[in-house]
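Undergrad: Below is the file protein-v7.cif, with mmCIF, C-alpha atoms.
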data_model
loop_
_atom_site.group_PDB
_atom_site.id
_atom_site.type_symbol
_atom_site.label_atom_id
_atom_site.label_comp_id
_atom_site.auth_asym_id
_atom_site.auth_seq_id
_atom_site.Cartn_x
_atom_site.Cartn_y
_atom_site.Cartn_z
ATOM 1 C CA MET A 15 2.651 41.748 -115.814
ATOM 2 C CA LEU A 16 4.271 40.470 -119.014
ATOM 3 C CA THR A 17 1.029 40.397 -120.974
ATOM 4 C CA ASP A 18 0.295 44.049 -120.112
ATOM 5 C CA LEU A 19 3.804 45.086 -121.155
ATOM 6 C CA ILE A 20 3.527 43.297 -124.498
ATOM 7 C CA ASP A 21 0.064 44.754 -125.140
ATOM 8 C CA ALA A 22 1.218 48.301 -124.306
ATOM 9 C CA THR A 23 4.327 47.937 -126.459
ATOM 10 C CA CYS A 24 2.269 46.651 -129.380
ATOM 11 C CA GLY A 25 -0.236 49.484 -128.941
ATOM 12 C CA GLU A 26 2.583 52.062 -129.132
ATOM 13 C CA TYR A 27 4.055 50.254 -132.142
ATOM 14 C CA VAL A 28 0.705 50.428 -133.983
ATOM 15 C CA ARG A 29 0.193 54.094 -133.103
ATOM 16 C CA SER A 30 3.676 55.172 -134.185
ATOM 17 C CA THR A 31 4.262 53.191 -137.370
ATOM 18 C CA PRO A 32 2.272 52.119 -140.413
ATOM 19 C CA ALA A 33 3.757 48.623 -140.184
ATOM 20 C CA ARG A 34 1.294 45.919 -139.239
ATOM 21 C CA ASN A 35 3.560 42.874 -138.974
ATOM 22 C CA LEU A 36 4.991 41.945 -135.596
ATOM 23 C CA LEU A 37 7.478 39.162 -134.963
ATOM 24 C CA ILE A 38 8.231 38.280 -131.347
ATOM 25 C CA VAL A 39 11.402 36.294 -130.717
ATOM 26 C CA ASN A 40 10.943 34.203 -127.588
ATOM 27 C CA GLY A 41 14.119 33.387 -125.741
ATOM 28 C CA HIS A 42 12.489 31.839 -122.677
ATOM 29 C CA GLY A 43 10.643 28.540 -122.865
ATOM 30 C CA GLY A 44 8.527 29.393 -119.854
ATOM 31 C CA ASN A 45 6.888 32.193 -121.852
ATOM 32 C CA ARG A 46 5.595 29.926 -124.605
ATOM 33 C CA GLY A 47 2.082 29.372 -123.218
ATOM 34 C CA ILE A 48 1.619 33.011 -122.277
ATOM 35 C CA LEU A 49 2.724 34.163 -125.713
ATOM 36 C CA GLU A 50 0.305 31.811 -127.448
ATOM 37 C CA ALA A 51 -2.572 33.535 -125.660
ATOM 38 C CA VAL A 52 -1.124 37.057 -126.015
ATOM 39 C CA ILE A 53 -0.685 36.964 -129.783
ATOM 40 C CA TYR A 54 -4.322 36.033 -130.266
ATOM 41 C CA ASP A 55 -5.322 39.150 -128.312
ATOM 42 C CA LEU A 56 -2.748 41.338 -130.101
ATOM 43 C CA HIS A 57 -4.091 40.245 -133.465
ATOM 44 C CA ARG A 58 -7.687 41.025 -132.497
ATOM 45 C CA ARG A 59 -7.116 44.175 -130.437
ATOM 46 C CA HIS A 60 -4.462 45.900 -132.554
ATOM 47 C CA ASP A 61 -5.157 44.427 -135.997
ATOM 48 C CA VAL A 62 -1.586 43.217 -136.476
ATOM 49 C CA ASN A 63 -0.239 40.144 -138.199
ATOM 50 C CA VAL A 64 1.724 38.579 -135.387
ATOM 51 C CA CYS A 65 3.883 35.532 -134.921
ATOM 52 C CA VAL A 66 6.140 34.234 -132.170
ATOM 53 C CA ILE A 67 9.235 32.256 -133.041
ATOM 54 C CA HIS A 68 10.962 29.962 -130.600
ATOM 55 C CA PRO A 69 14.541 29.722 -131.921
ATOM 56 C CA SER A 70 15.477 26.701 -129.844
ATOM 57 C CA SER A 71 12.509 24.769 -131.239
ATOM 58 C CA LEU A 72 13.178 25.991 -134.787
ATOM 59 C CA ALA A 73 16.799 24.876 -134.689
ATOM 60 C CA THR A 74 17.629 21.667 -136.463
ATOM 61 C CA VAL A 75 20.997 21.271 -134.739
ATOM 62 C CA ARG A 76 20.804 18.578 -132.129
ATOM 63 C CA ALA A 77 23.015 18.446 -129.093
ATOM 64 C CA ASP A 78 23.944 15.180 -127.469
ATOM 65 C CA SER A 79 22.087 15.925 -124.253
ATOM 66 C CA GLU A 80 21.459 13.530 -121.406
ATOM 67 C CA LEU A 81 18.096 15.140 -120.601
ATOM 68 C CA PRO A 82 15.333 17.050 -122.361
ATOM 69 C CA GLU A 83 16.508 20.634 -122.852
ATOM 70 C CA VAL A 84 14.293 23.289 -121.265
ATOM 71 C CA HIS A 85 16.265 25.774 -119.150
ATOM 72 C CA ALA A 86 19.964 26.561 -118.649
ATOM 73 C CA GLY A 87 21.131 23.193 -119.964
ATOM 74 C CA LEU A 88 23.532 22.375 -122.773
ATOM 75 C CA ARG A 89 21.582 24.082 -125.596
ATOM 76 C CA GLU A 90 20.481 27.268 -123.852
ATOM 77 C CA THR A 91 23.881 27.789 -122.260
ATOM 78 C CA SER A 92 25.557 27.308 -125.639
ATOM 79 C CA VAL A 93 23.283 29.947 -127.187
ATOM 80 C CA MET A 94 24.078 32.337 -124.344
ATOM 81 C CA LEU A 95 27.803 31.687 -124.794
ATOM 82 C CA ALA A 96 27.384 32.720 -128.435
ATOM 83 C CA LEU A 97 25.246 35.796 -127.721
ATOM 84 C CA ALA A 98 26.308 37.092 -124.294
ATOM 85 C CA PRO A 99 29.269 35.140 -122.928
ATOM 86 C CA ASP A 100 29.872 37.615 -120.096
ATOM 87 C CA ASP A 101 26.449 36.704 -118.678
ATOM 88 C CA VAL A 102 27.311 32.997 -118.407
ATOM 89 C CA HIS A 103 28.941 31.964 -115.133
ATOM 90 C CA LEU A 104 29.697 28.263 -115.359
ATOM 91 C CA GLU A 105 32.222 28.676 -112.553
ATOM 92 C CA ARG A 106 29.268 29.030 -110.181
ATOM 93 C CA LEU A 107 28.276 25.410 -110.706
ATOM 94 C CA PRO A 108 29.445 23.291 -107.786
ATOM 95 C CA ASP A 109 32.159 20.779 -108.637
ATOM 96 C CA SER A 110 29.749 18.037 -107.581
ATOM 97 C CA TYR A 111 27.084 19.047 -110.118
ATOM 98 C CA GLU A 112 26.010 16.341 -112.554
ATOM 99 C CA PRO A 113 22.651 16.204 -114.377
ATOM 100 C CA ASP A 114 20.266 13.761 -112.720
ATOM 101 C CA PRO A 115 18.846 11.281 -115.265
ATOM 102 C CA ASN A 116 15.810 10.843 -113.003
ATOM 103 C CA HIS A 117 14.696 14.355 -113.991
ATOM 104 C CA ALA A 118 13.925 13.282 -117.562
ATOM 105 C CA GLU A 119 10.502 11.835 -116.743
ATOM 106 C CA GLY A 120 9.421 14.834 -114.660
ATOM 107 C CA THR A 121 10.427 17.184 -117.472
ATOM 108 C CA ARG A 122 8.530 15.164 -120.075
ATOM 109 C CA ARG A 123 5.447 14.997 -117.856
ATOM 110 C CA LEU A 124 5.340 18.609 -116.632
ATOM 111 C CA VAL A 125 6.746 20.550 -119.598
ATOM 112 C CA LEU A 126 6.949 18.598 -122.830
ATOM 113 C CA ASP A 127 3.637 16.730 -122.884
ATOM 114 C CA ARG A 128 1.718 18.945 -125.316
ATOM 115 C CA GLY A 129 -1.540 17.260 -124.338
ATOM 116 C CA THR A 130 -1.505 18.752 -120.852
ATOM 117 C CA THR A 131 -0.402 21.965 -119.188
ATOM 118 C CA TRP A 132 0.935 21.994 -115.637
ATOM 119 C CA PRO A 133 2.406 24.784 -113.554
ATOM 120 C CA TRP A 134 6.157 24.426 -113.277
ATOM 121 C CA ASN A 135 9.262 26.471 -112.660
ATOM 122 C CA SER A 136 12.987 25.983 -112.986
ATOM 123 C CA ASP A 137 13.268 24.958 -109.333
ATOM 124 C CA HIS A 138 10.753 22.105 -109.555
ATOM 125 C CA PRO A 139 12.429 19.198 -107.708
ATOM 126 C CA SER A 140 11.135 16.467 -110.023
ATOM 127 C CA MET A 141 12.983 17.909 -112.999
ATOM 128 C CA SER A 142 15.594 20.424 -111.901
ATOM 129 C CA GLN A 143 18.564 21.071 -109.734
ATOM 130 C CA LEU A 144 20.218 24.472 -109.435
ATOM 131 C CA GLY A 145 17.616 25.814 -111.877
ATOM 132 C CA ILE A 146 18.958 23.647 -114.702
ATOM 133 C CA ILE A 147 16.461 21.624 -116.694
ATOM 134 C CA GLY A 148 18.528 19.880 -119.317
ATOM 135 C CA GLY A 149 21.894 18.434 -120.119
ATOM 136 C CA ASN A 150 25.242 19.298 -118.637
ATOM 137 C CA ALA A 151 25.822 23.020 -119.117
ATOM 138 C CA ARG A 152 29.559 22.450 -118.617
ATOM 139 C CA ARG A 153 29.630 20.890 -122.085
ATOM 140 C CA ALA A 154 28.211 24.063 -123.655
ATOM 141 C CA THR A 155 30.231 25.904 -126.285
ATOM 142 C CA ALA A 156 29.810 29.139 -128.190
ATOM 143 C CA GLU A 157 30.316 27.145 -131.406
ATOM 144 C CA LEU A 158 27.305 24.937 -130.644
ATOM 145 C CA GLY A 159 25.321 28.067 -129.791
ATOM 146 C CA GLU A 160 26.243 29.637 -133.136
ATOM 147 C CA GLN A 161 25.157 26.465 -134.952
ATOM 148 C CA ILE A 162 21.816 26.455 -133.103
ATOM 149 C CA ILE A 163 21.211 30.122 -133.935
ATOM 150 C CA ALA A 164 22.205 29.692 -137.597
ATOM 151 C CA SER A 165 19.935 26.688 -138.060
ATOM 152 C CA ALA A 166 17.004 28.584 -136.503
ATOM 153 C CA LEU A 167 17.672 31.573 -138.777
ATOM 154 C CA ASP A 168 17.659 29.255 -141.800
ATOM 155 C CA ARG A 169 13.962 28.634 -141.131
ATOM 156 C CA CYS A 170 13.032 32.314 -140.770
ATOM 157 C CA PRO A 171 12.595 33.338 -144.442
ATOM 158 C CA ASP A 172 9.517 31.105 -144.782
ATOM 159 C CA ILE A 173 8.127 32.392 -141.492
ATOM 160 C CA LEU A 174 8.664 36.031 -142.497
ATOM 161 C CA ALA A 175 7.061 35.434 -145.900
ATOM 162 C CA ARG A 176 4.002 33.955 -144.226
ATOM 163 C CA LEU A 177 3.867 36.794 -141.699
ATOM 164 C CA ASN A 178 3.964 39.282 -144.563
ATOM 165 C CA LYS A 179 1.111 37.500 -146.371
ATOM 166 C CA PRO A 180 -1.159 36.091 -143.685
ATOM 167 C CA ASP A 181 -3.871 33.586 -144.489
ATOM 168 C CA PRO A 182 -7.211 35.283 -145.249
#
As structure tokens, please, write out the structure in this file.

TA:
Amino acid sequence: MLTDLIDATCGEYVRSTPARNLLIVNGHGGNRGILEAVIYDLHRRHDVNVCVIHPSSLATVRADSELPEVHAGLRETSVMLALAPDDVHLERLPDSYEPDPNHAEGTRRLVLDRGTTWPWNSDHPSMSQLGIIGGNARRATAELGEQIIASALDRCPDILARLNKPDP
């Protein structure tokens, strides 16, 4: 289980190094809720200052997306084109693929409403087709991905300073 892996990794980190600051970079939106719970336990169990960053949420670059961006849409595909272009296979999208504007409400209700938490996955029919929850991945570019990454990194110095000097 992911939580066990993170806990074991953190335990080894604490045993093998004097460092007590841990920054987790989350590249998968579906992990956000799990990581919120895990870092609380890591802090208490291993006495580490810990923070999770979500680069896509930190980024100030906005993409002109038809739908809320959650998984494999315009933004995430652009980031992957910048980081690991050989792992992106846009040619696998059927010629008939077009984002369905009717998925916007399902995505807002199941994923983005911070007042509620619902189980969801990237195949949920009210918000996804072909595992894509977001805008048209065909419009993705490595340049947009680089801009998203750079704008997220611009916010990191403040986060790292706070991680290094946690609130008492």

Undergrad: Near His117 of chain A, within 7 Å and counting only C-alpha atoms, which residues show up once chain neighbours fewer than 3 positions away are dropped, as a list in words?

TA: Asp114, Gly120, Thr121, Ser140, Met141 and Ser142 of chain A

Undergrad: Starting from the displayed file, determine the output of the PyMOL selection byres ((chain A and resi 18) around 12) and express the residue list as a VMD selection string.

TA: chain A and resid 15 to 17 19 to 25 48 to 49 52 55 to 56

Undergrad: Which is closer to Lys179 of chain A than all the others in A:Ile38, A:Cys65, A:Ala51, A:Leu97, using all atoms listed in the file?

TA: A:Cys65

Undergrad: So how many Å separate atom CA of His68 of chain A and atom CA of Glu83 of chain A, to one decimal?

TA: 13.3 Å

Undergrad: Interatomic distance between atom CA of Ala86 of chain A and atom CA of Arg169 of chain A?

TA: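 Separating atom CA of Ala86 of chain A from atom CA of Arg169 of chain A is a distance of 23.4 Å.
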
Undergrad: What's around Gly47 of chain A at 12 Å? Count all atoms listed in the file, leave out sequence neighbours fewer than 5 positions away in its own chain, and write the answer as a list of chain:residue names.

TA: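 Result of the neighbour search: A:Thr17, A:Asn40, A:His42, A:Val52, A:Ile53, A:Tyr54, A:Val66, A:His68, A:Val125, A:Leu126, A:Arg128, A:Thr130, A:Thr131, A:Trp132, A:Pro133, A:Trp134.
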
Undergrad: Atom CA of Arg123 of chain A and atom CA of Ile163 of chain A are how many Å apart?

TA: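 We find that atom CA of Arg123 of chain A and atom CA of Ile163 of chain A lie 27.1 Å from each other.
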
Undergrad: Since I can't run it myself right now, could you work out what the PyMOL selection byres ((chain A and resi 87) around 12) selects here and report it as a PyMOL selection string?

TA: chain A and resi 70+77-86+88-95+102+104+107+112-114+136+141-155+159

Undergrad: Which is closest to Glu157 of chain A among A:Asn63, A:Thr31, A:Thr74, A:Ala96, if we use all atoms listed in the file?

TA: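 Of the candidates, the smallest distance to Glu157 of chain A is held by A:Ala96.
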